[in-house]
Amino acid sequence: MSKTAEKKPWSNRFSGESDPLTDAFNSSLAADKRLYRQDIEGSIAHAASLEKGGVLTRAEYLSVKNGLEEILREIESGGLRIENAEDVHMFVESRLTEKIGAAGKKLHTGRSRNDQVATDMRLYMRGAARTILDLLRGLLDAFLTLAEKHAADILPGYTHMQKAQPVTLGHYLCAYAEMFLRDLQRFSDGLKRADVCPLGSGALAGTTFPIDREYTAKLLDFPAVTRNSMDAVGDRDYLIEFAANAGICVMHLSRICEELILWSTNEFGFVRIADAYSTGSSMMPQKRNPDVAELIRGKTGRVYGGLTALLTMAKGLPLTYNKDLQEDKETVFDIYDTLEICLQIFPRMLMTAQFNVSAMKAGANGGFMAATDMADYLAAAGVPFRDAHGVVSAAVKYCEETGKTLQALTLPELQAFSPAFKSDITEILKPETMIRRRDLPGGPHPERVRENVRAIREILLSF
Ligand code: ARG
């Protein structure tokens with residue numbers, strides 16, 4: 001296969017030699033060669049529009065279309081390497097011209113690389129967002145399946161990393177499902193803004209050629225065209241939005257990974273992460289390290305860094321296109337790749353993890369987690385809540401000093417703190433009872449967890 005020698009389209013305007021270091025610095029090919037498919041797709045649609053406007057003859061259009069399709073096949077079969085060009089757009093165009101001659105040189109009529117790259121990136125973003133949405137649907141399914149399974153399994157709930165009140169594992173899993181559902185909604189919403197066609201915006205001010213923008217958009221399956229050519233070539237907010245959404249999503253992943261790491265410790269023993277997602281130590285024979293969860297947690301820095309890079313890249317740019325914008329690709333691709341692999345691997349790790357429900361349940365008996373219910377009991381019996389709070393605080397202090405649990409206190413011991421305690425307090429302090437009595441929307445009661453699962457599944461139907 002012949003190599004495509006790089007001859008710059010602007011060589012007639014310049015007389016000085018080009019510097020190879022500048023050429024390398026200026027080139028985005030290493031990153032944007034990934035866009036060859038979108039570039040070819042966009043070019044075919046543009047050529048069709050040129051034909052419709054009478055700029056290309058039918059024969060020229062067909063030759064351009066066939067040539068581009070052939071280039072696509074050459075690239076995908078591995079026969080054509082994408083190299084020796086400043087960027088993918090110039091690579092495809094010069095290869096086309098090499099192949100079909102004069103008609104190839106007409107392809108760039110009424111188009112600039114500015115609206116071309118914006119189109120490529122919007123096409124890319126559309127595919128990327130759709131893949132992320134699919135992965136999030138899979139992730140949510142994993143959470144909801146597990147939540148149903150563990151709807152009634154008791155788990156100690158924490159605030160400030162201190163034992164607070166019992167919840168259910170299903171309740172906990174649904175909490176994450178809610179977060180990832182919002183992530184999915186954010187990506188879906190962002191996709192609507194990305195899914196518009198910039199072709200026809202030219203360098204910044206449109207074109208004098210009779211391009212039918214709606215027609216081009218339709219061919220590329222864009223539901224709408226951008227409304228302002230300067231905005232279309234000068235802004236990248238749809239990429240930044242994706243990066244921000246990715247940032248929030250990996251933050252959520254990172255939080256649950258942190259919890260799985262903690263829960264898999266000898267101290268907690270709530271979960272055992274499967275071998276496939278753990279590694280050993282080269283020195284310490286006993287180790288089973290939660291590397292996958294740690295790596296996902298670690299990847300957040302990379303995604304946040306990318307978001308910051310994109311925001312900073314764009315913040316000082318006068319309208320419209322500036323070369324700074326070329327920097328978007330490497331960063332967006334890296335964010336996408338990072339999020340994609342995390343969303344692929346996390347549900348597998350989650351679904352194969354073994355939850356130790358008896359350790360969780362045992363955990364829910366410790367830490368004076370019944371204290372609130374005890375105070376509520378007194379308040380329901382007519383003791384003002386502030387006083388009830390004080391009574392129970394004193395009982396907890398007493399338990400700490402005597403090494404007892406609240407449940408272990410006898411009725412006479414309790415009545416020494418308040419005469420309002422009656423024999424039914426024993427039942428109230430059982431974790432099962434505490435869960436059962438929290439039967440309100442959004443609560444940890446198994447039925448409410450199942451309700452939560454159903455509601456999320458219902459919402460998912462429209463995404
Ligand atoms: N490689 C460029 C980019 O990614 C394509 C657009 C170049 N436009 C220009 N006016 N130099 O942004």
# chains A, B, ... in the order shown; residues from 1 in each chain; ligands from 1
call {"tool": "closest_atom_pairs", "arguments": {"of": "chain A", "to": "ligand 1", "cutoff": "9 Å", "atoms": "only C-alpha atoms and all ligand atoms", "output": "Markdown table"}}
result
| residue | atom | partner | partner_atom_place_in_ligand_line | distance |
| --- | --- | --- | --- | --- |
| A:Asn26 | CA | ligand 1 | 1 (N) | 8.2 |
| A:Ser27 | CA | ligand 1 | 1 (N) | 6.9 |
| A:Ser28 | CA | ligand 1 | 1 (N) | 5.4 |
| A:Leu29 | CA | ligand 1 | 1 (N) | 7.5 |
| A:Ala31 | CA | ligand 1 | 4 (O) | 9.0 |
| A:Asp32 | CA | ligand 1 | 4 (O) | 7.1 |
| A:Glu86 | CA | ligand 1 | 1 (N) | 7.1 |
| A:Asp87 | CA | ligand 1 | 1 (N) | 5.1 |
| A:Val88 | CA | ligand 1 | 1 (N) | 7.4 |
| A:His89 | CA | ligand 1 | 5 (C) | 7.3 |
| A:Met90 | CA | ligand 1 | 1 (N) | 8.7 |
| A:Ser112 | CA | ligand 1 | 8 (N) | 7.3 |
| A:Arg113 | CA | ligand 1 | 6 (C) | 4.6 |
| A:Asn114 | CA | ligand 1 | 6 (C) | 4.8 |
| A:Asp115 | CA | ligand 1 | 6 (C) | 8.0 |
| A:Gln116 | CA | ligand 1 | 6 (C) | 7.5 |
| A:Val117 | CA | ligand 1 | 5 (C) | 5.5 |
| A:Ala118 | CA | ligand 1 | 12 (O) | 8.1 |
| A:Ala203 | CA | ligand 1 | 10 (N) | 7.1 |
| A:Tyr321 | CA | ligand 1 | 10 (N) | 6.7 |
| A:Asn322 | CA | ligand 1 | 10 (N) | 7.0 |
| A:Lys323 | CA | ligand 1 | 12 (O) | 5.8 |
| A:Asp324 | CA | ligand 1 | 12 (O) | 7.4 |
| A:Leu325 | CA | ligand 1 | 12 (O) | 5.3 |
| A:Gln326 | CA | ligand 1 | 12 (O) | 3.5 |
| A:Glu327 | CA | ligand 1 | 4 (O) | 7.0 |
| A:Asp328 | CA | ligand 1 | 4 (O) | 7.6 |
| A:Lys329 | CA | ligand 1 | 4 (O) | 7.1 |
call {"tool": "write_last_selection", "arguments": {"atoms": "N, CA and C atoms", "output": "PDB file, in the first residue's frame"}}
result
ATOM      1  N   ASN A  26       2.300  19.956  15.815  1.00  0.00           N
ATOM      2  CA  ASN A  26       1.016  20.408  15.277  1.00  0.00           C
ATOM      3  C   ASN A  26       0.057  19.253  14.983  1.00  0.00           C
ATOM      4  N   SER A  27       0.637  18.086  14.807  1.00  0.00           N
ATOM      5  CA  SER A  27      -0.176  16.960  14.350  1.00  0.00           C
ATOM      6  C   SER A  27      -1.062  16.395  15.452  1.00  0.00           C
ATOM      7  N   SER A  28      -2.287  16.076  15.064  1.00  0.00           N
ATOM      8  CA  SER A  28      -3.188  15.427  16.021  1.00  0.00           C
ATOM      9  C   SER A  28      -3.485  13.998  15.600  1.00  0.00           C
ATOM     10  N   LEU A  29      -2.751  13.547  14.576  1.00  0.00           N
ATOM     11  CA  LEU A  29      -3.080  12.253  13.981  1.00  0.00           C
ATOM     12  C   LEU A  29      -3.044  11.099  14.987  1.00  0.00           C
ATOM     13  N   ALA A  31      -3.869  10.946  17.927  1.00  0.00           N
ATOM     14  CA  ALA A  31      -5.132  10.844  18.685  1.00  0.00           C
ATOM     15  C   ALA A  31      -6.325  10.713  17.751  1.00  0.00           C
ATOM     16  N   ASP A  32      -6.386  11.563  16.708  1.00  0.00           N
ATOM     17  CA  ASP A  32      -7.653  11.621  15.963  1.00  0.00           C
ATOM     18  C   ASP A  32      -7.782  10.553  14.877  1.00  0.00           C
ATOM     19  N   GLU A  86      -1.248  15.516   8.859  1.00  0.00           N
ATOM     20  CA  GLU A  86      -1.374  16.346  10.059  1.00  0.00           C
ATOM     21  C   GLU A  86      -2.503  15.820  10.954  1.00  0.00           C
ATOM     22  N   ASP A  87      -3.586  15.462  10.301  1.00  0.00           N
ATOM     23  CA  ASP A  87      -4.701  14.922  11.078  1.00  0.00           C
ATOM     24  C   ASP A  87      -5.500  13.952  10.218  1.00  0.00           C
ATOM     25  N   VAL A  88      -6.484  13.343  10.795  1.00  0.00           N
ATOM     26  CA  VAL A  88      -7.238  12.305  10.100  1.00  0.00           C
ATOM     27  C   VAL A  88      -8.010  12.872   8.901  1.00  0.00           C
ATOM     28  N   HIS A  89      -8.443  14.121   9.031  1.00  0.00           N
ATOM     29  CA  HIS A  89      -9.211  14.730   7.937  1.00  0.00           C
ATOM     30  C   HIS A  89      -8.349  14.850   6.684  1.00  0.00           C
ATOM     31  N   MET A  90      -7.113  15.345   6.891  1.00  0.00           N
ATOM     32  CA  MET A  90      -6.218  15.503   5.745  1.00  0.00           C
ATOM     33  C   MET A  90      -5.742  14.156   5.232  1.00  0.00           C
ATOM     34  N   SER A 112     -14.966  23.230   6.027  1.00  0.00           N
ATOM     35  CA  SER A 112     -13.678  23.533   6.658  1.00  0.00           C
ATOM     36  C   SER A 112     -13.378  22.373   7.591  1.00  0.00           C
ATOM     37  N   ARG A 113     -12.116  22.243   7.941  1.00  0.00           N
ATOM     38  CA  ARG A 113     -11.843  21.216   8.946  1.00  0.00           C
ATOM     39  C   ARG A 113     -12.502  21.578  10.274  1.00  0.00           C
ATOM     40  N   ASN A 114     -12.859  22.855  10.398  1.00  0.00           N
ATOM     41  CA  ASN A 114     -13.477  23.259  11.668  1.00  0.00           C
ATOM     42  C   ASN A 114     -14.865  22.647  11.852  1.00  0.00           C
ATOM     43  N   ASP A 115     -15.687  22.720  10.805  1.00  0.00           N
ATOM     44  CA  ASP A 115     -16.996  22.061  10.966  1.00  0.00           C
ATOM     45  C   ASP A 115     -16.862  20.553  10.796  1.00  0.00           C
ATOM     46  N   GLN A 116     -15.817  20.147  10.093  1.00  0.00           N
ATOM     47  CA  GLN A 116     -15.592  18.710   9.914  1.00  0.00           C
ATOM     48  C   GLN A 116     -15.216  18.042  11.239  1.00  0.00           C
ATOM     49  N   VAL A 117     -14.267  18.647  11.943  1.00  0.00           N
ATOM     50  CA  VAL A 117     -13.842  18.016  13.201  1.00  0.00           C
ATOM     51  C   VAL A 117     -14.963  18.090  14.240  1.00  0.00           C
ATOM     52  N   ALA A 118     -15.731  19.183  14.182  1.00  0.00           N
ATOM     53  CA  ALA A 118     -16.860  19.294  15.129  1.00  0.00           C
ATOM     54  C   ALA A 118     -17.873  18.186  14.844  1.00  0.00           C
ATOM     55  N   ALA A 203     -15.763  27.371   8.171  1.00  0.00           N
ATOM     56  CA  ALA A 203     -14.699  27.715   9.107  1.00  0.00           C
ATOM     57  C   ALA A 203     -15.280  28.409  10.324  1.00  0.00           C
ATOM     58  N   TYR A 321     -12.918  29.128  16.233  1.00  0.00           N
ATOM     59  CA  TYR A 321     -11.985  28.006  16.381  1.00  0.00           C
ATOM     60  C   TYR A 321     -10.589  28.519  16.713  1.00  0.00           C
ATOM     61  N   ASN A 322      -9.956  27.864  17.616  1.00  0.00           N
ATOM     62  CA  ASN A 322      -8.528  28.078  17.901  1.00  0.00           C
ATOM     63  C   ASN A 322      -7.908  26.697  18.030  1.00  0.00           C
ATOM     64  N   LYS A 323      -6.633  26.635  17.688  1.00  0.00           N
ATOM     65  CA  LYS A 323      -5.989  25.321  17.638  1.00  0.00           C
ATOM     66  C   LYS A 323      -5.969  24.633  18.999  1.00  0.00           C
ATOM     67  N   ASP A 324      -6.085  25.431  20.047  1.00  0.00           N
ATOM     68  CA  ASP A 324      -6.165  24.836  21.391  1.00  0.00           C
ATOM     69  C   ASP A 324      -7.179  23.695  21.432  1.00  0.00           C
ATOM     70  N   LEU A 325      -8.244  23.877  20.643  1.00  0.00           N
ATOM     71  CA  LEU A 325      -9.348  22.903  20.691  1.00  0.00           C
ATOM     72  C   LEU A 325      -8.922  21.518  20.226  1.00  0.00           C
ATOM     73  N   GLN A 326      -7.834  21.463  19.501  1.00  0.00           N
ATOM     74  CA  GLN A 326      -7.334  20.162  19.059  1.00  0.00           C
ATOM     75  C   GLN A 326      -6.989  19.275  20.256  1.00  0.00           C
ATOM     76  N   GLU A 327      -6.667  19.927  21.351  1.00  0.00           N
ATOM     77  CA  GLU A 327      -6.285  19.199  22.567  1.00  0.00           C
ATOM     78  C   GLU A 327      -7.442  18.405  23.188  1.00  0.00           C
ATOM     79  N   ASP A 328      -8.654  18.649  22.723  1.00  0.00           N
ATOM     80  CA  ASP A 328      -9.807  17.986  23.343  1.00  0.00           C
ATOM     81  C   ASP A 328      -9.766  16.466  23.178  1.00  0.00           C
ATOM     82  N   LYS A 329      -9.246  16.016  22.006  1.00  0.00           N
ATOM     83  CA  LYS A 329      -9.443  14.602  21.659  1.00  0.00           C
ATOM     84  C   LYS A 329      -8.782  13.614  22.597  1.00  0.00           C
TER      85      LYS A 329
END
call {"tool": "select_by_dssp", "arguments": {"residues": "region 34-272 of chain A", "states": "strand (DSSP E or B)", "output": "list in words"}}
result
Ile154, Leu155, Pro156, Gly157, Tyr158, Thr159, Gln162, Lys163, Ala164, Gln165, Pro166, Val167, Thr168, Val196, Cys197, Ala224, Val225, Val271 and Arg272 of chain A
call {"tool": "residues_around", "arguments": {"residues": "region 393-406 of chain A", "least_positions_apart": "4", "cutoff": "10 Å", "atoms": "only C-alpha atoms", "output": "JSON, numbers by chain"}}
result
{"A": [365, 366, 367, 368, 369, 370, 371, 372, 374, 375, 387, 388, 389, 410, 413, 414, 416, 417, 418, 426, 429]}
call {"tool": "closest_atom_pairs", "arguments": {"of": "region 55-174 of chain A", "to": "region 432-441 of chain A", "cutoff": "12 Å", "atoms": "only C-alpha atoms", "output": "CSV"}}
result
residue,atom,partner,partner_atom,distance
A:Ala151,CA,A:Ile435,CA,11.0
A:Ala152,CA,A:Ile435,CA,8.8
A:Asp153,CA,A:Glu432,CA,9.2
A:Ile154,CA,A:Glu432,CA,7.5
A:Leu155,CA,A:Ile435,CA,10.0
A:Pro156,CA,A:Ile435,CA,10.8
A:Gly157,CA,A:Ile435,CA,11.3
A:Gln165,CA,A:Met434,CA,8.5
A:Pro166,CA,A:Ile435,CA,6.8
A:Val167,CA,A:Ile435,CA,6.4
A:Thr168,CA,A:Ile435,CA,7.6
A:Leu169,CA,A:Ile435,CA,11.4
A:Gly170,CA,A:Ile435,CA,11.9
A:His171,CA,A:Ile435,CA,10.5
call {"tool": "residues_around", "arguments": {"residues": "region 131-146 of chain A", "least_positions_apart": "4", "cutoff": "10 Å", "atoms": "only C-alpha atoms", "output": "number ranges by chain"}}
result
A: 125-127, 150-151, 169-170, 172-181, 183-188, 191, 246, 249, 336, 339-348, 350-351, 449-450, 452-454, 456-457, 460, 463
call {"tool": "closest_residue", "arguments": {"among": "A:Ala194, A:Glu74, A:Ala128, A:Leu199", "to": "Ser43 (chain A)", "atoms": "only C-alpha atoms"}}
result
A:Leu199
call {"tool": "residues_around", "arguments": {"residues": "region 95-103 of chain A", "least_positions_apart": "6", "cutoff": "8 Å", "atoms": "only C-alpha atoms", "output": "MDAnalysis selection string"}}
result
chainID A and resid 4 60:61 63:64 67:68 71
call {"tool": "select_by_dssp", "arguments": {"residues": "region 176-259 of chain A", "states": "helix (DSSP H, G or I)", "output": "ChimeraX atom specification"}}
result
/A:176-194,213-219,229-234,237-259
call {"tool": "residues_around", "arguments": {"residues": "Gly247 (chain A)", "least_positions_apart": "2", "cutoff": "9 Å", "atoms": "only C-alpha atoms", "output": "JSON, numbers by chain"}}
result
{"A": [242, 243, 244, 245, 249, 250, 251, 252, 300, 301, 303, 304, 306, 307, 335, 339]}
call {"tool": "residues_around", "arguments": {"residues": "Ala381 (chain A)", "least_positions_apart": "4", "cutoff": "9 Å", "atoms": "only C-alpha atoms", "output": "list in words"}}
result
Asp376, Tyr377, Ala420 and Phe421 of chain A
call {"tool": "closest_residue", "arguments": {"among": "A:Ala353, A:His46, A:Val332, A:Ile82", "to": "Ser94 (chain A)", "atoms": "only C-alpha atoms"}}
result
A:Ile82
call {"tool": "decode", "arguments": {"residues": "region 428-450 of chain A", "atoms": "N, CA, C and O atoms", "output": "CSV table (one decimal), in the first residue's frame"}}
result
chain,number,residue,atom,x,y,z
A,428,ILE,N,-38.7,-3.9,70.6
A,428,ILE,CA,-38.4,-2.7,69.9
A,428,ILE,C,-36.9,-2.6,69.5
A,428,ILE,O,-36.5,-2.1,68.5
A,429,LEU,N,-36.0,-3.2,70.4
A,429,LEU,CA,-34.6,-3.1,70.2
A,429,LEU,C,-34.0,-4.1,69.2
A,429,LEU,O,-32.8,-4.1,69.0
A,430,LYS,N,-34.8,-5.0,68.7
A,430,LYS,CA,-34.3,-6.0,67.8
A,430,LYS,C,-34.1,-5.3,66.4
A,430,LYS,O,-35.0,-4.6,66.0
A,431,PRO,N,-32.9,-5.6,65.8
A,431,PRO,CA,-32.7,-5.0,64.5
A,431,PRO,C,-33.8,-5.2,63.5
A,431,PRO,O,-34.2,-4.3,62.8
A,432,GLU,N,-34.4,-6.5,63.5
A,432,GLU,CA,-35.5,-6.8,62.6
A,432,GLU,C,-36.7,-5.8,62.8
A,432,GLU,O,-37.3,-5.4,61.9
A,433,THR,N,-36.9,-5.6,64.1
A,433,THR,CA,-38.1,-4.7,64.4
A,433,THR,C,-37.7,-3.3,64.0
A,433,THR,O,-38.6,-2.6,63.4
A,434,MET,N,-36.5,-2.9,64.2
A,434,MET,CA,-36.1,-1.5,63.8
A,434,MET,C,-36.3,-1.3,62.3
A,434,MET,O,-36.8,-0.3,61.9
A,435,ILE,N,-36.0,-2.3,61.5
A,435,ILE,CA,-36.2,-2.3,60.1
A,435,ILE,C,-37.7,-2.3,59.8
A,435,ILE,O,-38.1,-1.4,59.0
A,436,ARG,N,-38.4,-3.2,60.4
A,436,ARG,CA,-39.8,-3.3,60.1
A,436,ARG,C,-40.6,-2.1,60.4
A,436,ARG,O,-41.5,-1.7,59.7
A,437,ARG,N,-40.2,-1.4,61.4
A,437,ARG,CA,-40.9,-0.2,61.8
A,437,ARG,C,-40.6,1.0,60.9
A,437,ARG,O,-41.2,2.1,61.0
A,438,ARG,N,-39.6,0.9,60.0
A,438,ARG,CA,-39.2,2.0,59.1
A,438,ARG,C,-39.9,1.7,57.8
A,438,ARG,O,-39.2,1.6,56.7
A,439,ASP,N,-41.2,1.6,57.8
A,439,ASP,CA,-42.0,1.2,56.7
A,439,ASP,C,-42.6,2.5,56.1
A,439,ASP,O,-43.7,2.8,56.2
A,440,LEU,N,-41.7,3.3,55.4
A,440,LEU,CA,-42.2,4.5,54.8
A,440,LEU,C,-41.4,4.7,53.5
A,440,LEU,O,-40.4,4.0,53.3
A,441,PRO,N,-41.9,5.4,52.5
A,441,PRO,CA,-41.3,5.5,51.2
A,441,PRO,C,-39.8,5.9,51.4
A,441,PRO,O,-39.5,6.8,52.1
A,442,GLY,N,-38.9,5.2,50.7
A,442,GLY,CA,-37.5,5.5,50.8
A,442,GLY,C,-36.8,4.8,52.0
A,442,GLY,O,-35.6,5.0,52.2
A,443,GLY,N,-37.6,4.1,52.8
A,443,GLY,CA,-37.0,3.4,54.0
A,443,GLY,C,-36.4,2.1,53.7
A,443,GLY,O,-36.5,1.5,52.6
A,444,PRO,N,-35.8,1.5,54.8
A,444,PRO,CA,-35.0,0.2,54.6
A,444,PRO,C,-35.9,-1.0,54.7
A,444,PRO,O,-35.4,-2.1,54.5
A,445,HIS,N,-37.2,-0.9,55.0
A,445,HIS,CA,-38.1,-2.0,55.1
A,445,HIS,C,-38.0,-2.8,53.8
A,445,HIS,O,-38.0,-2.2,52.7
A,446,PRO,N,-38.0,-4.2,53.9
A,446,PRO,CA,-37.8,-5.0,52.6
A,446,PRO,C,-38.8,-4.6,51.6
A,446,PRO,O,-38.5,-4.6,50.4
A,447,GLU,N,-40.1,-4.4,52.0
A,447,GLU,CA,-41.1,-4.0,51.0
A,447,GLU,C,-40.8,-2.7,50.3
A,447,GLU,O,-41.0,-2.5,49.1
A,448,ARG,N,-40.2,-1.8,51.1
A,448,ARG,CA,-39.9,-0.5,50.5
A,448,ARG,C,-38.7,-0.6,49.6
A,448,ARG,O,-38.6,0.1,48.6
A,449,VAL,N,-37.8,-1.5,49.9
A,449,VAL,CA,-36.7,-1.8,49.0
A,449,VAL,C,-37.2,-2.3,47.7
A,449,VAL,O,-36.8,-1.9,46.6
A,450,ARG,N,-38.1,-3.3,47.8
A,450,ARG,CA,-38.7,-3.9,46.5
A,450,ARG,C,-39.4,-2.8,45.7
A,450,ARG,O,-39.3,-2.8,44.5
